[in-house]
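A.B. asks: Quick one, data-v5.txt (compact mmCIF, C-alpha atoms and all ligand atoms):
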# COMPACT_ATOMS: atom_id res chain seq x y z
CA MET G 1 23.69 6.40 8.68
CA ALA G 2 25.81 3.24 8.79
CA ILE G 3 25.22 0.84 5.92
CA SER G 4 24.10 -1.82 8.35
CA ASP G 5 21.29 0.45 9.60
CA LYS G 6 19.85 0.57 6.10
CA ILE G 7 19.59 -3.19 5.73
CA ILE G 8 16.04 -4.31 6.39
CA ARG G 9 14.68 -7.78 6.96
CA SER G 10 11.90 -7.93 4.39
CA ALA G 11 8.54 -9.56 5.08
CA THR G 12 8.97 -13.34 5.27
CA LEU G 13 6.14 -15.72 6.09
CA GLU G 14 7.08 -17.52 9.30
CA ASN G 15 4.32 -20.17 9.62
CA MET G 16 4.45 -19.64 13.38
CA ALA G 17 0.76 -19.11 14.13
CA ASP G 18 -1.94 -21.67 14.87
CA GLU G 19 -4.99 -22.46 12.70
CA ASN G 20 -6.78 -19.49 14.29
CA GLY G 21 -4.08 -17.09 13.17
CA ILE G 22 -2.78 -16.57 16.72
CA ILE G 23 1.01 -16.32 16.78
CA ASN G 24 3.23 -18.56 18.85
CA VAL G 25 4.95 -15.83 20.86
CA ALA G 26 7.86 -17.97 22.06
CA LYS G 27 8.74 -19.20 18.57
CA LEU G 28 8.53 -15.79 16.93
CA PHE G 29 10.50 -14.21 19.77
CA ASP G 30 13.28 -16.74 19.22
CA LEU G 31 13.26 -16.04 15.50
CA TYR G 32 13.23 -12.25 15.69
CA LYS G 33 15.60 -11.76 18.58
CA ASN G 34 18.29 -13.40 16.46
CA ILE G 35 17.71 -11.44 13.25
CA SER G 36 20.36 -8.76 13.41
CA ALA G 37 18.62 -6.19 11.15
CA LYS G 38 17.69 -2.95 12.90
CA THR G 39 14.36 -2.97 11.06
CA ILE G 40 12.26 -6.11 10.79
CA ILE G 41 9.03 -6.53 8.84
CA THR G 42 6.84 -9.47 9.81
CA GLY G 43 5.58 -11.98 7.26
CA PHE G 44 2.25 -11.07 5.67
CA VAL G 45 -0.60 -10.94 8.18
CA TYR G 46 -4.22 -11.18 7.07
CA VAL G 47 -6.52 -8.22 7.71
CA SER G 48 -9.82 -10.10 7.41
CA GLU G 49 -10.93 -13.73 7.46
CA ASN G 50 -11.62 -13.68 3.73
CA GLY G 51 -8.16 -12.26 3.17
CA HIS G 52 -6.45 -15.35 4.61
CA ALA G 53 -3.88 -16.77 2.19
CA MET G 54 -3.52 -20.47 1.34
CA GLN G 55 -0.95 -21.04 4.10
CA GLU G 56 -2.82 -22.52 7.05
CA LEU G 57 -0.45 -21.12 9.65
CA GLN G 58 -0.48 -17.53 8.45
CA ALA G 59 -0.93 -15.05 11.31
CA GLY G 60 -3.91 -12.71 11.51
CA ILE G 61 -4.73 -9.32 13.03
CA VAL G 62 -8.51 -9.36 13.03
CA ASN G 63 -9.50 -10.03 16.65
CA ASP G 64 -8.47 -9.34 20.24
CA GLU G 65 -6.84 -12.72 20.82
CA GLN G 66 -4.55 -12.25 17.84
CA GLU G 67 -3.81 -8.65 18.86
CA PHE G 68 -2.92 -9.61 22.45
CA ALA G 69 -0.47 -12.25 21.28
CA TRP G 70 1.23 -9.71 19.00
CA LYS G 71 1.32 -7.23 21.91
CA GLU G 72 3.07 -9.76 24.11
CA LEU G 73 5.62 -10.44 21.38
CA VAL G 74 6.32 -6.74 20.70
CA SER G 75 6.77 -6.03 24.38
CA LYS G 76 9.23 -8.95 24.84
CA LEU G 77 11.16 -7.99 21.72
CA LYS G 78 11.39 -4.29 22.50
CA ASN G 79 12.58 -5.20 25.96
CA GLU G 80 15.36 -7.30 24.48
CA ARG G 81 16.19 -5.00 21.55
CA LYS G 82 15.64 -1.36 22.46
CA ASP G 83 16.63 0.05 19.05
CA LEU G 84 14.48 -2.29 16.95
CA THR G 85 12.04 -0.82 14.44
CA PHE G 86 9.28 -3.38 14.04
CA LEU G 87 6.67 -3.27 11.27
CA MET G 88 3.76 -5.56 10.56
CA GLN G 89 3.08 -6.39 6.93
CA ILE G 90 -0.69 -6.29 6.40
CA ALA G 91 -2.28 -8.05 3.46
CA HIS G 92 -5.40 -9.39 1.81
CA THR G 93 -4.89 -12.42 -0.41
CA GLY G 94 -7.70 -11.66 -2.89
CA ARG G 95 -7.83 -14.33 -5.60
CA GLN G 96 -4.52 -15.95 -4.62
CA THR G 97 -5.81 -18.64 -2.29
CA THR G 98 -7.00 -22.24 -2.20
CA ARG G 99 -9.32 -21.73 0.74
CA GLY G 100 -12.53 -21.20 -1.23
CA ASN G 101 -12.61 -17.53 -0.24
CA ALA G 102 -11.18 -16.14 -3.47
CA VAL G 103 -12.36 -12.61 -4.21
CA GLY G 104 -10.94 -10.07 -6.61
CA ALA G 105 -11.18 -6.69 -8.25
CA SER G 106 -12.77 -8.70 -11.07
CA SER G 107 -13.49 -12.39 -11.55
CA VAL G 108 -10.32 -13.14 -13.57
CA LYS G 109 -9.01 -16.53 -12.42
CA CYS G 110 -5.42 -16.97 -11.33
CA SER G 111 -3.68 -19.56 -13.54
CA TYR G 112 -1.76 -20.86 -10.51
CA PHE G 113 -4.67 -21.27 -8.06
CA ARG G 114 -7.29 -21.91 -10.76
CA ASN G 115 -10.28 -21.43 -8.46
CA LYS G 116 -13.40 -19.36 -9.04
CA VAL G 117 -13.02 -15.68 -8.14
CA LYS G 118 -15.92 -13.59 -6.89
CA THR G 119 -15.90 -9.92 -7.94
CA LEU G 120 -16.06 -7.69 -4.89
CA SER G 121 -19.04 -5.33 -4.72
CA LYS G 122 -18.35 -1.65 -4.04
CA GLU G 123 -19.59 -2.16 -0.46
CA GLU G 124 -17.25 -5.13 0.02
CA VAL G 125 -14.32 -3.08 -1.29
CA GLU G 126 -15.14 -0.37 1.26
CA GLU G 127 -15.31 -2.99 3.99
CA ILE G 128 -11.82 -4.25 3.09
CA ILE G 129 -10.45 -0.70 3.17
CA ASP G 130 -11.88 -0.58 6.69
CA ASN G 131 -10.27 -3.95 7.49
CA PHE G 132 -6.83 -2.54 6.56
CA LYS G 133 -7.48 0.47 8.78
CA GLU G 134 -8.63 -1.70 11.72
CA ALA G 135 -5.61 -3.98 11.28
CA ALA G 136 -3.26 -0.99 11.39
CA ILE G 137 -4.99 0.33 14.52
CA ARG G 138 -4.57 -3.08 16.17
CA ALA G 139 -0.89 -3.20 15.12
CA GLN G 140 -0.35 0.27 16.57
CA ARG G 141 -2.05 -0.73 19.84
CA ALA G 142 0.12 -3.84 19.97
CA GLY G 143 3.20 -1.61 19.94
CA PHE G 144 4.37 -1.83 16.31
CA ASP G 145 6.22 1.19 14.91
CA GLY G 146 4.27 0.96 11.71
CA VAL G 147 2.81 -1.24 9.03
CA GLN G 148 3.87 -2.23 5.58
CA ILE G 149 0.89 -2.40 3.23
CA HIS G 150 1.35 -5.36 0.89
CA ALA G 151 0.46 -4.13 -2.57
CA ALA G 152 2.83 -6.53 -4.34
CA HIS G 153 3.03 -10.13 -5.58
CA GLY G 154 -0.49 -10.37 -7.01
CA TYR G 155 -2.36 -10.03 -3.71
CA LEU G 156 -5.59 -8.03 -3.59
CA ILE G 157 -4.20 -4.49 -3.89
CA HIS G 158 -2.02 -5.59 -6.81
CA GLN G 159 -5.16 -7.06 -8.43
CA PHE G 160 -6.71 -3.58 -8.42
CA LEU G 161 -3.50 -1.98 -9.74
CA SER G 162 -3.16 -4.32 -12.71
CA PRO G 163 -5.38 -3.71 -15.76
CA TYR G 164 -5.26 -7.47 -16.36
CA THR G 165 -7.19 -8.22 -13.15
CA ASN G 166 -9.11 -4.95 -12.82
CA ASN G 167 -11.99 -4.81 -15.32
CA ARG G 168 -14.28 -2.86 -13.04
CA LYS G 169 -16.83 -0.34 -14.24
CA ASP G 170 -17.30 1.56 -10.94
CA LYS G 171 -14.97 4.18 -9.44
CA TYR G 172 -12.38 1.46 -8.62
CA ALA G 173 -11.73 1.13 -12.37
CA ASN G 174 -9.31 3.92 -11.45
CA GLU G 175 -6.65 1.34 -10.63
CA SER G 176 -4.84 3.10 -7.79
CA LEU G 177 -7.95 4.35 -5.97
CA PHE G 178 -8.23 1.28 -3.70
CA LEU G 179 -4.59 1.72 -2.64
CA GLN G 180 -5.03 5.47 -2.12
CA GLU G 181 -8.08 4.96 0.07
CA ILE G 182 -6.31 2.32 2.18
CA VAL G 183 -3.31 4.60 2.69
CA ASN G 184 -5.53 7.56 3.54
CA SER G 185 -7.65 5.67 6.03
CA VAL G 186 -4.61 4.11 7.78
CA ARG G 187 -2.90 7.50 7.91
CA SER G 188 -5.86 9.33 9.37
CA ALA G 189 -6.50 6.57 11.92
CA CYS G 190 -2.90 6.07 13.07
CA GLY G 191 -1.42 9.58 12.81
CA GLU G 192 1.66 11.09 11.20
CA ASP G 193 4.23 9.39 13.46
CA PHE G 194 3.12 5.88 12.65
CA LYS G 195 5.19 4.49 9.79
CA ILE G 196 3.35 3.46 6.66
CA TRP G 197 5.52 1.56 4.22
CA LEU G 198 4.40 -0.03 1.01
CA LYS G 199 5.58 -3.05 -0.93
CA ILE G 200 4.75 -2.96 -4.62
CA SER G 201 5.56 -5.01 -7.70
CA TYR G 202 6.84 -2.51 -10.27
CA ALA G 203 5.61 -4.82 -13.05
CA ASP G 204 4.37 -8.36 -13.57
CA ASP G 205 4.07 -10.89 -16.35
CA ARG G 206 0.62 -9.59 -17.37
CA GLY G 207 -0.72 -6.02 -17.27
CA LEU G 208 1.28 -4.01 -14.75
CA THR G 209 4.13 -1.85 -16.10
CA LEU G 210 6.83 0.32 -14.58
CA ASP G 211 5.27 3.50 -16.01
CA LYS G 212 1.91 2.68 -14.44
CA THR G 213 3.58 1.95 -11.10
CA ILE G 214 5.32 5.33 -11.14
CA LYS G 215 1.98 7.00 -11.91
CA TYR G 216 0.31 5.13 -9.00
CA LEU G 217 3.11 6.02 -6.57
CA LYS G 218 2.80 9.71 -7.40
CA THR G 219 -0.78 9.59 -6.10
CA ILE G 220 0.42 8.67 -2.60
CA GLU G 221 3.52 10.88 -2.35
CA GLY G 222 3.80 12.50 1.05
CA ARG G 223 1.47 9.93 2.59
CA VAL G 224 3.73 6.87 2.82
CA ASP G 225 7.16 6.81 4.42
CA ALA G 226 8.87 4.32 2.13
CA VAL G 227 8.20 2.01 -0.79
CA GLU G 228 9.89 -1.35 -1.33
CA ILE G 229 10.23 -2.28 -5.01
CA SER G 230 9.53 -5.89 -5.91
CA TYR G 231 8.26 -7.75 -8.98
CA GLY G 232 5.59 -10.19 -10.10
CA THR G 233 2.60 -12.20 -8.93
CA MET G 234 1.97 -15.78 -7.79
CA GLU G 235 1.05 -16.75 -11.38
CA TYR G 236 4.77 -17.08 -12.03
CA ALA G 237 5.86 -17.08 -8.41
CA LEU G 238 9.48 -17.82 -9.20
CA ASN G 239 9.72 -14.44 -10.94
CA ILE G 240 9.15 -12.80 -7.55
CA ILE G 241 12.09 -14.57 -5.97
CA ARG G 242 14.20 -16.05 -8.85
CA GLY G 243 16.67 -18.89 -8.52
CA ASN G 244 16.34 -22.66 -8.49
CA CYS G 245 13.01 -24.27 -9.38
CA PRO G 246 12.60 -27.30 -7.07
CA ALA G 247 9.73 -28.68 -9.18
CA ASP G 248 9.79 -32.19 -7.68
CA ASN G 249 9.47 -30.80 -4.17
CA VAL G 250 6.59 -28.58 -5.26
CA LEU G 251 4.67 -31.48 -6.81
CA ASP G 252 5.33 -33.58 -3.74
CA ILE G 253 4.32 -31.20 -0.95
CA ASN G 254 2.32 -28.29 -2.34
CA PRO G 255 -1.40 -28.84 -1.58
CA LEU G 256 -2.26 -27.38 -5.00
CA PHE G 257 -0.53 -30.31 -6.70
CA ASN G 258 -0.13 -33.24 -4.33
CA LYS G 259 -3.89 -33.94 -4.36
CA TYR G 260 -3.48 -35.36 -7.90
CA PRO G 261 -2.40 -38.98 -8.62
CA LYS G 262 1.29 -39.46 -9.37
CA TRP G 263 0.63 -40.34 -13.03
CA VAL G 264 -1.19 -37.04 -13.61
CA LEU G 265 1.77 -35.17 -12.16
CA ALA G 266 4.17 -37.20 -14.29
CA LEU G 267 2.22 -36.22 -17.43
CA TRP G 268 2.11 -32.60 -16.27
CA LYS G 269 5.88 -32.65 -15.88
CA ILE G 270 6.38 -33.95 -19.41
CA PHE G 271 3.81 -31.91 -21.32
CA PHE G 272 3.09 -28.69 -19.40
CA ALA G 273 6.01 -27.99 -17.09
CA PRO G 274 8.52 -27.09 -19.85
CA SER G 275 6.38 -24.25 -21.28
CA TYR G 276 5.52 -23.02 -17.77
CA ILE G 277 9.14 -23.08 -16.60
CA LYS G 278 10.21 -21.21 -19.76
CA LYS G 279 8.39 -18.15 -18.40
CA PHE G 280 10.67 -18.01 -15.36
CA LYS G 281 13.25 -15.27 -15.30
CA PRO G 282 16.80 -16.21 -14.28
CA PHE G 283 18.32 -15.10 -10.98
CA THR G 284 20.66 -12.13 -11.33
CA TYR G 285 22.06 -10.07 -8.48
CA ASN G 286 19.91 -7.07 -7.44
CA TYR G 287 17.37 -7.95 -10.11
CA ASN G 288 14.90 -5.14 -9.36
CA TYR G 289 17.61 -2.47 -9.24
CA ASP G 290 17.10 -0.71 -12.60
CA ALA G 291 13.38 -0.30 -11.96
CA ALA G 292 13.94 0.92 -8.39
CA LEU G 293 16.45 3.50 -9.59
CA LYS G 294 14.04 4.80 -12.23
CA ILE G 295 11.32 5.04 -9.56
CA LYS G 296 13.72 6.81 -7.19
CA LYS G 297 14.35 9.47 -9.86
CA GLU G 298 10.66 10.03 -10.49
CA ILE G 299 8.97 10.05 -7.08
CA LYS G 300 9.39 11.79 -3.75
CA ILE G 301 9.10 8.72 -1.51
CA PRO G 302 12.16 6.95 -0.02
CA VAL G 303 12.80 3.88 -2.17
CA PHE G 304 13.96 0.50 -0.87
CA LEU G 305 15.19 -2.30 -3.10
CA ILE G 306 14.41 -6.01 -2.67
CA GLY G 307 15.45 -9.00 -4.73
CA GLY G 308 18.73 -10.86 -5.11
CA ILE G 309 20.86 -8.55 -2.96
CA ARG G 310 23.70 -10.77 -1.84
CA LYS G 311 26.94 -8.76 -1.70
CA LEU G 312 28.17 -5.98 0.59
CA GLU G 313 29.95 -4.27 -2.30
CA ASP G 314 26.68 -4.16 -4.27
CA MET G 315 24.86 -2.66 -1.29
CA GLU G 316 27.46 0.11 -1.06
CA ASN G 317 26.98 0.90 -4.76
CA ILE G 318 23.19 0.74 -4.47
CA PHE G 319 23.28 3.32 -1.66
CA LYS G 320 25.72 5.51 -3.61
CA SER G 321 23.24 5.63 -6.49
CA GLY G 322 20.60 7.12 -4.19
CA ILE G 323 18.46 4.14 -3.17
CA ASP G 324 17.49 4.64 0.48
CA GLY G 325 17.48 1.09 1.85
CA VAL G 326 17.92 -2.56 0.92
CA CYS G 327 15.60 -5.35 1.99
CA LEU G 328 16.75 -8.95 2.26
CA CYS G 329 14.71 -12.08 2.74
CA ARG G 330 16.49 -15.36 1.99
CA PRO G 331 19.91 -14.13 3.19
CA PHE G 332 18.39 -13.59 6.67
CA ILE G 333 16.80 -17.05 6.65
CA CYS G 334 20.24 -18.43 5.90
CA GLU G 335 22.29 -16.13 8.18
CA PRO G 336 20.19 -14.21 10.74
CA ASP G 337 23.34 -12.58 12.14
CA LEU G 338 24.56 -11.14 8.83
CA VAL G 339 24.29 -7.49 9.93
CA GLU G 340 26.32 -8.24 13.04
CA LYS G 341 28.91 -9.89 10.83
CA ILE G 342 29.01 -6.83 8.54
CA ASN G 343 29.63 -4.62 11.56
CA GLU G 344 32.52 -6.87 12.56
CA GLY G 345 33.94 -6.82 9.02
CA LEU G 346 33.28 -10.54 8.63
CA TRP G 347 30.64 -10.60 5.87
CA LYS G 348 31.12 -9.87 2.20
CA LYS G 349 28.65 -12.19 0.48
CA SER G 350 25.55 -14.19 1.41
CA LYS G 351 25.77 -17.95 1.78
CA CYS G 352 22.24 -18.29 0.36
CA THR G 353 22.29 -20.38 -2.84
CA ASN G 354 18.68 -19.57 -3.86
CA CYS G 355 17.82 -23.26 -3.63
CA ASN G 356 14.31 -22.03 -2.78
CA LEU G 357 13.43 -24.92 -0.50
CA CYS G 358 12.50 -22.34 2.16
CA THR G 359 9.92 -21.01 -0.30
CA VAL G 360 8.49 -24.38 -1.24
CA TYR G 361 8.10 -25.45 2.39
CA CYS G 362 6.30 -22.18 3.12
CA ASP G 363 3.23 -23.86 1.63
CA THR G 364 3.30 -26.62 4.27
CA LYS G 365 3.01 -26.27 8.03
CA ASN G 366 6.80 -26.13 8.48
CA SER G 367 8.12 -23.10 10.30
CA ILE G 368 10.47 -21.00 8.24
CA LYS G 369 14.05 -22.26 8.14
CA CYS G 370 17.03 -22.66 5.85
CA TYR G 371 17.20 -26.16 4.38
CA GLN G 372 20.87 -25.87 3.47
CA ARG G 373 22.43 -24.45 6.59
CA LYS G 374 24.01 -27.16 8.67
CA ASN G 375 23.20 -26.60 12.33
C1 LIG F 1 10.22 -18.19 2.40
C2 LIG F 1 9.75 -16.89 1.86
C3 LIG F 1 8.66 -16.24 2.42
C4 LIG F 1 8.23 -15.00 1.92
N1 LIG F 1 7.19 -14.35 2.52
C5 LIG F 1 6.84 -13.10 2.09
C6 LIG F 1 5.82 -12.36 2.75
O1 LIG F 1 5.21 -12.80 3.72
N2 LIG F 1 5.55 -11.12 2.26
C7 LIG F 1 6.20 -10.57 1.18
O2 LIG F 1 5.92 -9.44 0.80
N3 LIG F 1 7.16 -11.26 0.55
C8 LIG F 1 7.51 -12.49 0.98
N4 LIG F 1 8.51 -13.17 0.36
C9 LIG F 1 9.25 -12.49 -0.72
C10 LIG F 1 10.47 -11.77 -0.13
O3 LIG F 1 10.14 -10.78 0.81
C11 LIG F 1 11.34 -11.14 -1.24
O4 LIG F 1 10.52 -10.20 -1.93
C12 LIG F 1 11.94 -12.15 -2.21
O5 LIG F 1 12.32 -13.32 -1.52
C13 LIG F 1 13.20 -11.60 -2.89
O6 LIG F 1 14.16 -11.21 -1.94
P1 LIG F 1 15.50 -12.06 -1.59
O7 LIG F 1 16.25 -12.25 -2.87
O8 LIG F 1 16.23 -11.22 -0.60
O9 LIG F 1 15.05 -13.36 -1.03
C14 LIG F 1 8.92 -14.41 0.83
C15 LIG F 1 10.01 -15.09 0.25
C16 LIG F 1 10.44 -16.29 0.75
C17 LIG F 1 11.64 -16.95 0.13
Show me this structure written as structure tokens.

C.D. replies:
Amino acid sequence: MAISDKIIRSATLENMADENGIINVAKLFDLYKNISAKTIITGFVYVSENGHAMQELQAGIVNDEQEFAWKELVSKLKNERKDLTFLMQIAHTGRQTTRGNAVGASSVKCSYFRNKVKTLSKEEVEEIIDNFKEAAIRAQRAGFDGVQIHAAHGYLIHQFLSPYTNNRKDKYANESLFLQEIVNSVRSACGEDFKIWLKISYADDRGLTLDKTIKYLKTIEGRVDAVEISYGTMEYALNIIRGNCPADNVLDINPLFNKYPKWVLALWKIFFAPSYIKKFKPFTYNYNYDAALKIKKEIKIPVFLIGGIRKLEDMENIFKSGIDGVCLCRPFICEPDLVEKINEGLWKKSKCTNCNLCTVYCDTKNSIKCYQRKN
């Protein structure tokens, strides 16, 4: 397989839906038709109303109207790009939301969102497993080649996987059971040919560890087609993506902060920000590589790497070491045609500077774009 075929556009929130979670087909078509990756994963899509993340323009897959819009998009895209593999990332936000709908494996508050978290009853957990299944069925009907189940970044599945957020006493105290049941129900509903990928944080800044992640992944071997290895939760969101911390922009535009008077924010910057920022890990190239390689050696699921992949030479070495695919997010925001350029021998290194303005503006109603690229 050519290197360029193994470069995947990782899930990236587009903010191209309306307040009802219905996608703007024309805008998304324009975005996706220009992303040169052979495999594209959509931004995270909510599987139930109470799984809607803080971003108001997040897309959903919970009703017919939303499904029909996705169907129209898939049909237009597949018409334009016959060889495209198109996956929908399906997610439940759990406690990581500002919308007043925060639920969790347990009632442990998120230090970033700080709102009250309701512990899900066993019946509610079962209902959410069903929501994931229904979402996957809708995605399949809409023409997607598969789904990526979002078990990373501190969203609901991650909250079950981490002993820090899972203090349950019922059968879901077995941390990977929720994930296993979601995978099983999607697989039995959608069949063997429908791709089921997974995105997982191999560790976080609290209770999840690499060894636990390997143990969890072994429980779903043979039932998922690939796993993308990421890191972290929204508590220290910069550790998911690494790079520049545009703190002033965050305080200015993020609805979690800009509701406070300026003097409160000024005090926060002086007294609290330094200790918070100290917890951020620096950007290094391919920063999840060592963990992904260890996982690759231990489990029988194709392993994809995400995080800080910026150079063609690194990709070649990553593939040589046995990793099955690389996923890129910010480089595609910056240069959608990068795979085309690789095929023409014109791309060696990403122009993305990890300024992270694309990330910060994700929390507004702005559609995804690069804030550095001049065009
Ligand atoms: C603007 C933006 C939006 C993102 N949206 C999602 C998302 O919807 N789902 C997800 O799993 N990760 C999301 N991420 C995380 C990326 O997929 C990826 O894990 C992270 O950016 C590191 O990869 P990179 O160095 O190639 O950017 C997003 C990141 C950015 C910068």

A.B. asks: May I ask which of the residues G:His52, G:Lys38, G:Lys122, G:Arg9 is the closest one to G:Arg81, counting all atoms listed in the file?

C.D. replies: G:Lys38

A.B. asks: Leaving out G:Tyr236 and any residue of its chain fewer than 5 positions from it, which residues lie within 12 Å of it when counting only C-alpha atoms, given as a ChimeraX atom specification?

C.D. replies: /G:96,110-113,153-154,204-206,231,241-242,245,275-281

A.B. asks: State, in Å with one decimal place, the distance from atom CA of G:Thr98 to atom CA of G:Lys262.

C.D. replies: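 Computed distance, atom CA of G:Thr98 to atom CA of G:Lys262, equals 20.4 Å.
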
A.B. asks: Counting all atoms listed in the file, which protein, DNA or RNA residues come within 6 Å of ligand LIG 1 (chain F), given as an MDAnalysis selection string?

C.D. replies: chainID G and resid 10:13 43:44 230 241 306:309 328:330 358:359 362

A.B. asks: Let me have the centre and edge lengths in Å, one decimal, of the box along x, y and z around every listed atom of stretch 145-148 of chain G with 5 Å of margin on each side, as AutoDock Vina command-line options.

C.D. replies:
--center_x 4.5 --center_y -0.5 --center_z 10.2 --size_x 13.4 --size_y 13.4 --size_z 19.3
